[in-house]
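One structure below.
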Amino acid sequence: MNTGKLYLVGLGPGDAGNLTPAAAAAIADSDELVGYHYYIEQVAGEAAGKVSHAMELGQELERAALAVDIAYSGKTVAVVSSGDAGIYGMAGPVFRVLTDRQWNGHNPAVETVPGVSALQSAAALLGSPLMQDFCAISLSNLLTPWEQIRRRLEAAAAGDFVTVLYNPRSRRRVSQLQEARDIYLAHRSSDTPVGIVRHAFRPEQAVSLAVLGGLDGERLGVDMFTTVVIGNSNTYVHNGRMVTPRGYEAKG
Ligand code: SAH
């Protein structure tokens, strides 16, 4: 019986320094790679000489099925995602396909290699915004109904969670970020700090700060390469850094 292997590999935000040694080793160990063009190009060095199956947006299940086929054939394949594969990444489609195929849990072997997710990259560039309880919400309603996303935004806003918004805005999805702002404005002051990080750790990197009341996606250049961090009621800005205090002040 063939014993193939499927790695789910998070590549981190995009620079070589934030690609973990374990991720590089998994790619080196693989015969073939599956992932978006952009991410496969990101690891061109490590991928040299390997068969690459680049995909376009919207092909997640097809590519997951292809990767699972490769692993069942006895080869080693790496499915790559930006950030962490298990956070809005390719782990979902791969496990979905494995479930459909009644995978037995060990053949092919499946190993996930964690990566630095956008919320960590964005936080590192902004200061220390995630120092109290936080949550991540994707504003993409391609796979999740908008009503459900709205309910989660309402709950996070009411719960005073620092909130990291993934997939905040695209050319076709421009209203979601503005609706999210309005939901938060019902619970937080309009001068609540908001951090905006575009292309973290890539050559085009841009980091800026805004306030909740002024969160205008178009004016601030928010797009699909951007992560938005909304502070909680304790978050402040000091010398250009977004700071959520750990809470010692309240204790003292
Ligand atoms: N698996 C990825 C997330 C994929 S969803 C992770 O763990 O980071 C895609 C969204 O992630 C983008 O719309 C953006 O909001 C965020 N993102 C991914 N890479 C980013 C980067 N380098 N800089 C800023 N945001 C990024």
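Chain labels run A, B, ... following the order of the structure tokens; each chain numbers its residues from 1, and ligands are numbered from 1 in the order shown.
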Name each residue within 9 Å of ligand 1, counting only C-alpha atoms and all ligand atoms, as number ranges by chain.
A: 10-15, 81-90, 115-122, 138-140, 164-170, 196-202, 205-206, 223-228
Per DSSP on the backbone, what are the strand (DSSP E) residues of segment 6-251 of chain A, as a PyMOL selection string?
chain A and resi 6-10+32-36+51-55+76-81+109-113+127-128+134-138+162-166+193-198+206-211+226-230+236-238+241-243
What does the distance between atom CA of Leu61 of chain A and atom CA of Lys75 of chain A come to in Å, to one decimal place?
19.4 Å
Rounded to one decimal place, report the atom CA of Ile183 of chain A-atom CA of Glu154 of chain A distance in Å.
6.2 Å
Do a neighbour search on Arg246 of chain A at 9 Å with only C-alpha atoms, toss out local chain neighbours closer than 5 positions, and write the hits as a ChimeraX atom specification.
/A:130-132
Just the selected residues (all heavy atoms), exported as a PDB file, in the first residue's frame, please.
ATOM      1  N   LEU A 130      -3.128  43.442  20.805  1.00  0.00           N
ATOM      2  CA  LEU A 130      -3.866  42.219  21.158  1.00  0.00           C
ATOM      3  C   LEU A 130      -3.607  41.784  22.593  1.00  0.00           C
ATOM      4  O   LEU A 130      -3.617  40.598  22.908  1.00  0.00           O
ATOM      5  CB  LEU A 130      -3.494  41.081  20.195  1.00  0.00           C
ATOM      6  CG  LEU A 130      -3.639  41.383  18.710  1.00  0.00           C
ATOM      7  CD1 LEU A 130      -3.330  40.140  17.881  1.00  0.00           C
ATOM      8  CD2 LEU A 130      -5.035  41.901  18.378  1.00  0.00           C
ATOM      9  N   MET A 131      -3.382  42.743  23.487  1.00  0.00           N
ATOM     10  CA  MET A 131      -2.940  42.419  24.837  1.00  0.00           C
ATOM     11  C   MET A 131      -4.077  42.016  25.761  1.00  0.00           C
ATOM     12  O   MET A 131      -3.867  41.554  26.859  1.00  0.00           O
ATOM     13  CB  MET A 131      -2.191  43.633  25.367  1.00  0.00           C
ATOM     14  CG  MET A 131      -1.000  43.387  26.228  1.00  0.00           C
ATOM     15  SD  MET A 131      -0.143  41.839  26.022  1.00  0.00           S
ATOM     16  CE  MET A 131       0.658  42.023  24.453  1.00  0.00           C
ATOM     17  N   GLN A 132      -5.321  42.222  25.324  1.00  0.00           N
ATOM     18  CA  GLN A 132      -6.464  41.687  26.078  1.00  0.00           C
ATOM     19  C   GLN A 132      -7.243  40.774  25.129  1.00  0.00           C
ATOM     20  O   GLN A 132      -6.826  40.551  24.003  1.00  0.00           O
ATOM     21  CB  GLN A 132      -7.349  42.839  26.589  1.00  0.00           C
ATOM     22  CG  GLN A 132      -6.631  43.699  27.631  1.00  0.00           C
ATOM     23  CD  GLN A 132      -7.499  44.858  28.100  1.00  0.00           C
ATOM     24  OE1 GLN A 132      -8.716  44.863  27.915  1.00  0.00           O
ATOM     25  NE2 GLN A 132      -6.865  45.850  28.701  1.00  0.00           N
TER      26      GLN A 132
END
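Proximity to Ala155 of chain A was assessed for A:Leu143, A:Leu125, A:Ala186, A:Val229 counting only C-alpha atoms; the smallest distance is recorded for A:Ala186.
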Mind checking which residues fall within 10 Å of segment 69-74 of chain A, counting only C-alpha atoms, ignoring those fewer than 5 positions away in the same chain, and posting them as a list in words?
Met1, Asn2, Thr3, Gly4, Lys5, Leu6, Tyr7, Asp31, Glu32, Leu33, Arg63, Ala64, Val97, Leu98, Trp103, Asn107, Pro108, Ala109 and Val110 of chain A
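Straight-line separation from atom CA of Val34 of chain A to atom CA of Pro145 of chain A: 27.7 Å.
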I need the residues in segment 7-251 of chain A that are alpha helix (DSSP H) according to DSSP; give them as a ChimeraX atom specification.
/A:21-29,37-42,44-47,60-72,91-100,118-126,146-158,175-185,248-251
May I have the selected residues written with C-alpha atoms, as a CSV table (one decimal), in the first residue's frame?
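Below is the file part-v7.csv, written as the result:
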chain,number,residue,atom,x,y,z
A,21,PRO,CA,12.3,26.4,9.4
A,22,ALA,CA,9.6,23.7,9.8
A,23,ALA,CA,7.7,25.1,6.8
A,24,ALA,CA,10.8,25.3,4.7
A,25,ALA,CA,11.6,21.7,5.6
A,26,ALA,CA,8.1,20.5,4.7
A,27,ILE,CA,8.4,22.1,1.3
A,28,ALA,CA,11.8,20.6,0.8
A,29,ASP,CA,10.4,17.2,1.7
A,37,HIS,CA,0.2,31.5,-7.7
A,38,TYR,CA,1.2,34.3,-5.4
A,39,TYR,CA,2.2,32.0,-2.5
A,40,ILE,CA,4.0,29.5,-4.6
A,41,GLU,CA,6.1,32.4,-6.1
A,42,GLN,CA,6.8,33.5,-2.5
A,44,ALA,CA,10.2,29.9,-5.4
A,45,GLY,CA,13.6,29.2,-3.9
A,46,GLU,CA,12.4,26.3,-1.8
A,47,ALA,CA,10.1,25.1,-4.6
A,60,GLU,CA,-10.0,25.7,-3.2
A,61,LEU,CA,-12.0,22.5,-3.2
A,62,GLU,CA,-10.6,21.4,-6.6
A,63,ARG,CA,-7.1,22.0,-5.5
A,64,ALA,CA,-7.6,20.3,-2.2
A,65,ALA,CA,-9.0,17.3,-4.1
A,66,LEU,CA,-6.0,17.3,-6.4
A,67,ALA,CA,-3.6,17.4,-3.3
A,68,VAL,CA,-5.5,14.6,-1.7
A,69,ASP,CA,-5.2,12.5,-4.9
A,70,ILE,CA,-1.5,13.1,-5.0
A,71,ALA,CA,-1.1,12.0,-1.4
A,72,TYR,CA,-3.2,8.9,-2.0
A,91,ALA,CA,-6.8,23.3,5.9
A,92,GLY,CA,-10.6,23.6,5.7
A,93,PRO,CA,-11.0,22.4,2.1
A,94,VAL,CA,-8.4,19.7,2.6
A,95,PHE,CA,-10.1,18.2,5.7
A,96,ARG,CA,-13.4,18.5,3.9
A,97,VAL,CA,-12.2,16.4,1.0
A,98,LEU,CA,-10.5,13.9,3.4
A,99,THR,CA,-13.8,13.6,5.3
A,100,ASP,CA,-15.7,13.0,2.0
A,118,ALA,CA,-1.8,38.0,9.6
A,119,LEU,CA,-3.2,38.9,13.0
A,120,GLN,CA,0.3,38.3,14.5
A,121,SER,CA,2.1,40.1,11.7
A,122,ALA,CA,-0.3,43.1,11.9
A,123,ALA,CA,0.0,43.3,15.7
A,124,ALA,CA,3.8,43.2,15.6
A,125,LEU,CA,3.8,46.1,13.2
A,126,LEU,CA,1.2,48.1,15.1
A,146,TRP,CA,-23.5,38.2,5.8
A,147,GLU,CA,-26.3,38.0,8.5
A,148,GLN,CA,-24.1,35.5,10.4
A,149,ILE,CA,-21.0,37.8,10.1
A,150,ARG,CA,-23.1,40.7,11.3
A,151,ARG,CA,-24.2,38.8,14.4
A,152,ARG,CA,-20.6,38.0,15.2
A,153,LEU,CA,-19.6,41.6,14.7
A,154,GLU,CA,-22.4,42.7,17.1
A,155,ALA,CA,-21.3,40.2,19.7
A,156,ALA,CA,-17.6,41.1,19.5
A,157,ALA,CA,-18.4,44.8,19.6
A,158,ALA,CA,-20.7,44.4,22.6
A,175,SER,CA,-20.0,47.9,2.1
A,176,GLN,CA,-19.0,45.3,4.7
A,177,LEU,CA,-16.3,47.3,6.3
A,178,GLN,CA,-18.5,50.4,6.6
A,179,GLU,CA,-21.3,48.3,8.2
A,180,ALA,CA,-18.8,46.8,10.6
A,181,ARG,CA,-17.7,50.4,11.6
A,182,ASP,CA,-21.3,51.4,12.2
A,183,ILE,CA,-21.9,48.3,14.4
A,184,TYR,CA,-18.8,49.1,16.5
A,185,LEU,CA,-19.7,52.8,16.7
A,248,TYR,CA,-1.8,45.8,35.4
A,249,GLU,CA,-3.0,49.4,35.8
A,250,ALA,CA,-6.5,48.3,36.9
A,251,LYS,CA,-4.9,45.8,39.3
Residue neighbourhood Asn232 of chain A, 9 Å, only C-alpha atoms, exclusion window fewer than 5 positions, as a PyMOL selection string:
chain A and resi 129+132+134+157+160-163+188+192-193+244
Please produce a file of those selected residues containing all heavy atoms, as an mmCIF file, in the first residue's frame.
data_model
loop_
_atom_site.group_PDB
_atom_site.id
_atom_site.type_symbol
_atom_site.label_atom_id
_atom_site.label_comp_id
_atom_site.auth_asym_id
_atom_site.auth_seq_id
_atom_site.Cartn_x
_atom_site.Cartn_y
_atom_site.Cartn_z
ATOM 1 N N PRO A 129 -1.548 45.694 20.182
ATOM 2 C CA PRO A 129 -3.010 45.837 20.233
ATOM 3 C C PRO A 129 -3.746 44.632 20.809
ATOM 4 O O PRO A 129 -4.884 44.764 21.236
ATOM 5 C CB PRO A 129 -3.387 46.037 18.757
ATOM 6 C CG PRO A 129 -2.308 45.358 17.992
ATOM 7 C CD PRO A 129 -1.054 45.562 18.798
ATOM 8 N N GLN A 132 -5.321 42.222 25.324
ATOM 9 C CA GLN A 132 -6.464 41.687 26.078
ATOM 10 C C GLN A 132 -7.243 40.774 25.129
ATOM 11 O O GLN A 132 -6.826 40.551 24.003
ATOM 12 C CB GLN A 132 -7.349 42.839 26.589
ATOM 13 C CG GLN A 132 -6.631 43.699 27.631
ATOM 14 C CD GLN A 132 -7.499 44.858 28.100
ATOM 15 O OE1 GLN A 132 -8.716 44.863 27.915
ATOM 16 N NE2 GLN A 132 -6.865 45.850 28.701
ATOM 17 N N PHE A 134 -9.252 39.111 22.381
ATOM 18 C CA PHE A 134 -9.478 39.581 21.016
ATOM 19 C C PHE A 134 -10.134 38.474 20.211
ATOM 20 O O PHE A 134 -10.166 37.320 20.633
ATOM 21 C CB PHE A 134 -8.160 40.015 20.370
ATOM 22 C CG PHE A 134 -7.189 38.888 20.165
ATOM 23 C CD1 PHE A 134 -7.169 38.169 18.979
ATOM 24 C CD2 PHE A 134 -6.293 38.550 21.169
ATOM 25 C CE1 PHE A 134 -6.278 37.116 18.792
ATOM 26 C CE2 PHE A 134 -5.395 37.502 20.985
ATOM 27 C CZ PHE A 134 -5.382 36.794 19.806
ATOM 28 N N ALA A 157 -18.401 43.418 19.251
ATOM 29 C CA ALA A 157 -18.442 44.843 19.599
ATOM 30 C C ALA A 157 -19.015 44.998 21.005
ATOM 31 O O ALA A 157 -18.458 45.705 21.851
ATOM 32 C CB ALA A 157 -19.278 45.614 18.578
ATOM 33 N N ASP A 160 -16.668 44.033 23.880
ATOM 34 C CA ASP A 160 -15.442 44.836 23.981
ATOM 35 C C ASP A 160 -14.195 44.047 23.589
ATOM 36 O O ASP A 160 -13.115 44.257 24.138
ATOM 37 C CB ASP A 160 -15.284 45.433 25.395
ATOM 38 C CG ASP A 160 -14.384 46.675 25.390
ATOM 39 O OD1 ASP A 160 -14.332 47.372 24.347
ATOM 40 O OD2 ASP A 160 -13.721 46.939 26.410
ATOM 41 N N PHE A 161 -14.335 43.132 22.652
ATOM 42 C CA PHE A 161 -13.171 42.417 22.132
ATOM 43 C C PHE A 161 -12.391 43.311 21.170
ATOM 44 O O PHE A 161 -12.984 43.958 20.302
ATOM 45 C CB PHE A 161 -13.607 41.181 21.323
ATOM 46 C CG PHE A 161 -14.065 40.020 22.174
ATOM 47 C CD1 PHE A 161 -15.402 39.892 22.529
ATOM 48 C CD2 PHE A 161 -13.156 39.077 22.606
ATOM 49 C CE1 PHE A 161 -15.824 38.832 23.305
ATOM 50 C CE2 PHE A 161 -13.571 38.006 23.385
ATOM 51 C CZ PHE A 161 -14.909 37.878 23.745
ATOM 52 N N VAL A 162 -11.069 43.337 21.325
ATOM 53 C CA VAL A 162 -10.246 43.858 20.231
ATOM 54 C C VAL A 162 -10.561 42.953 19.041
ATOM 55 O O VAL A 162 -10.695 41.738 19.197
ATOM 56 C CB VAL A 162 -8.741 43.766 20.573
ATOM 57 C CG1 VAL A 162 -7.884 44.190 19.394
ATOM 58 C CG2 VAL A 162 -8.426 44.588 21.816
ATOM 59 N N THR A 163 -10.723 43.520 17.864
ATOM 60 C CA THR A 163 -11.177 42.704 16.738
ATOM 61 C C THR A 163 -10.256 42.844 15.533
ATOM 62 O O THR A 163 -9.963 43.953 15.097
ATOM 63 C CB THR A 163 -12.614 43.105 16.334
ATOM 64 O OG1 THR A 163 -13.455 43.025 17.504
ATOM 65 C CG2 THR A 163 -13.156 42.175 15.259
ATOM 66 N N ARG A 188 -18.638 51.572 20.869
ATOM 67 C CA ARG A 188 -17.340 52.156 21.236
ATOM 68 C C ARG A 188 -17.244 53.592 20.780
ATOM 69 O O ARG A 188 -17.891 54.000 19.822
ATOM 70 C CB ARG A 188 -16.196 51.365 20.580
ATOM 71 C CG ARG A 188 -16.008 50.059 21.272
ATOM 72 C CD ARG A 188 -14.931 49.189 20.677
ATOM 73 N NE ARG A 188 -15.353 47.816 20.913
ATOM 74 C CZ ARG A 188 -14.688 46.734 20.600
ATOM 75 N NH1 ARG A 188 -13.501 46.848 20.017
ATOM 76 N NH2 ARG A 188 -15.174 45.554 20.858
ATOM 77 N N THR A 192 -11.844 55.527 19.112
ATOM 78 C CA THR A 192 -11.177 54.227 19.330
ATOM 79 C C THR A 192 -10.114 54.020 18.237
ATOM 80 O O THR A 192 -10.413 54.146 17.049
ATOM 81 C CB THR A 192 -12.219 53.088 19.232
ATOM 82 O OG1 THR A 192 -13.235 53.317 20.194
ATOM 83 C CG2 THR A 192 -11.576 51.725 19.458
ATOM 84 N N PRO A 193 -8.873 53.689 18.636
ATOM 85 C CA PRO A 193 -7.846 53.482 17.607
ATOM 86 C C PRO A 193 -8.127 52.273 16.709
ATOM 87 O O PRO A 193 -8.624 51.245 17.168
ATOM 88 C CB PRO A 193 -6.566 53.234 18.430
ATOM 89 C CG PRO A 193 -6.845 53.798 19.779
ATOM 90 C CD PRO A 193 -8.311 53.610 20.000
ATOM 91 N N THR A 244 -2.872 48.209 23.647
ATOM 92 C CA THR A 244 -3.949 47.788 24.541
ATOM 93 C C THR A 244 -3.258 47.378 25.836
ATOM 94 O O THR A 244 -2.444 46.457 25.820
ATOM 95 C CB THR A 244 -4.741 46.608 23.948
ATOM 96 O OG1 THR A 244 -5.217 46.983 22.652
ATOM 97 C CG2 THR A 244 -5.928 46.243 24.835
#
Which is closest to Glu111 of chain A among A:Ala78, A:Gly247, A:Glu218, A:Gln59, if we use only C-alpha atoms?
A:Ala78
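Distances to Leu8 of chain A were evaluated for A:Asn141, A:Thr112, A:Thr235, A:Ser30 using only C-alpha atoms, and the minimum falls at A:Thr112.
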